[in-house]
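Here is the structure we will look at.
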Number of protein chains: 2
Amino acid sequence: MLHEQKIVLNPIGYVKTDAAGDEVRDKELISHIVVRDELIDGLSGISEYSHLFVLFYLNQITDDQRVTLRVHPRGRMDLPLIGVFAVRTMLRPNPIGLTVVELLRVDGNVLTVKGLDAFDGTPVLDVKPYDNWDIVENVKVPSWWLKLQEEKQKKL
Amino acid sequence: MLHEQKIVLNPIGYVKTDAAGDEVRDKELISHIVVRDELIDGLSGISEYSHLFVLFYLNQITDDQRVTLRVHPRGRMDLPLIGVFAVRTMLRPNPIGLTVVELLRVDGNVLTVKGLDAFDGTPVLDVKPYDNWDIVENVKVPSWWLKLQEEKQKKL
């Protein structure tokens with residue numbers, strides 16, 4: 001059966017950052033993606049984009065955590081129990097992180113980006129350009145999401 | 001070294017569509033994501049979102065194609081040779097596809113979505129909600145991208 005095949009990937013590089021713990025969730029955080037030397041030609045032309053998608057492997061997630069199917073968003077017990085495919089939690093069957101970042105600079109095999117919520121040493125699986133097709137005009141999100149957002153705004 | 005580790009993933013489900021060939025690139029195409037039965041709890045609450053990211057494994061890409069580092073966008077020789085990380089080509093070291101889709105319906109373990117450019121039987125790696133943080137207001141893309149877009153508009 002197609003959906004039982006195993007898929008093997010090899011990182012294209014890794015994340016370099018001084019940030020630790022919750023600091024990586026700061027949307028203003030500047031970090032680096034160090035791409036493997038032999039893949040440098042794959043970056044050709046990337047500086048013409050303002051934003052990128054970064055796909056990374058959440059290597060701190062254990063096999064036990066990969067079987068979690070419902071979570072309280074941000075671990076908040078006052079919020080409903082939600083399926084892992086309906087939250088951007090790290091706990092998921094295939095622990096792949098996906099973040100839109102701003103591309104600030106390209107120096108050889110190093111991308112300097114803003115807003116990447118990944119820890120130092122995180123393996124990067126792919127980098128893709130963000131383009132106009134990725135912009136959704138009218139997005140609907142759950143009420144718990146809006147509530148969390150509102151709380152965050154109040155703190156600023 | 002961290003970035004030399006191999007990563008093993010297992011599909012969470014697969015794509016079901018009647019479309020073939022270039023038909024899958026139709027943004028109006030409606031297709032299905034059939035999630036593995038045992039993961040159904042992971043979909044809880046997903047219908048509250050209007051849009052999702054779908055991450056899928058481009059299983060038609062051969063090992064030989066994974067070493068390609070530069071391509072002409074859409075195979076068009078009149079467009080510049082661009083690094084694979086600067087184009088949404090299927091040819092990339094880790095052949096993962098990423099598409100924003102509109103979520104139309106959830107029936108048990110089946111998601112009905114609009115705009116998924118994946119072939120029938122494609123293994124799905126992850127489904128994530130699209131939220132307000134994924135909307136970028138001022139996107140910069142290369143001139144060749146805008147040229148392709150303009151040609152597409154003229155054809156409609």
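Quick note on naming: the chains in the structure tokens go A, B, ... in the order shown, residues restart at 1 in each chain, and ligands are numbered from 1 in order of appearance.
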
Every residue of segment 8-97 of chain B that DSSP places in helix (DSSP H, G or I), as a PyMOL selection string: chain B and resi 21-25+37-43+46-48+65-67+73-75+84-86

Chain A contacts to chain B at 7 Å (only C-alpha atoms) as a PyMOL selection string: chain A and resi 2-11+13-14+39+41-46+48-51+69-70+82-88+94+100+121+123+125-129+131-132+134-136+139-142

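When atom CA of Leu58 of chain A is paired with atom CA of Ile33 of chain B, their separation reads 23.6 Å.
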
Pairwise distance for atom CA of Lys147 of chain A and atom CA of His72 of chain A, rounded to one decimal in Å: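 That distance, rounded to one decimal, is 13.6 Å.
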
Expected answer as a count of residues only: strand (DSSP E) residues in chain A: 48

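Between atom CA of Glu23 of chain B and atom CA of Thr112 of chain B there is a distance of 16.9 Å.
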
Best match for closeness to Phe119 of chain A among A:Asp37, A:Gln60, A:Leu91, A:Asp107, counting only C-alpha atoms: A:Gln60

Selected residue, from A:Trp144, A:Lys154, A:Leu116, A:Val110, that lies nearest to Ala19 of chain A when counting only C-alpha atoms: A:Leu116

Option closest in space to His32 of chain B, from B:Val113, B:Leu148, B:Asp120, B:Arg66 [counting only C-alpha atoms]: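 Using only C-alpha atoms, His32 of chain B sits closest to B:Val113.
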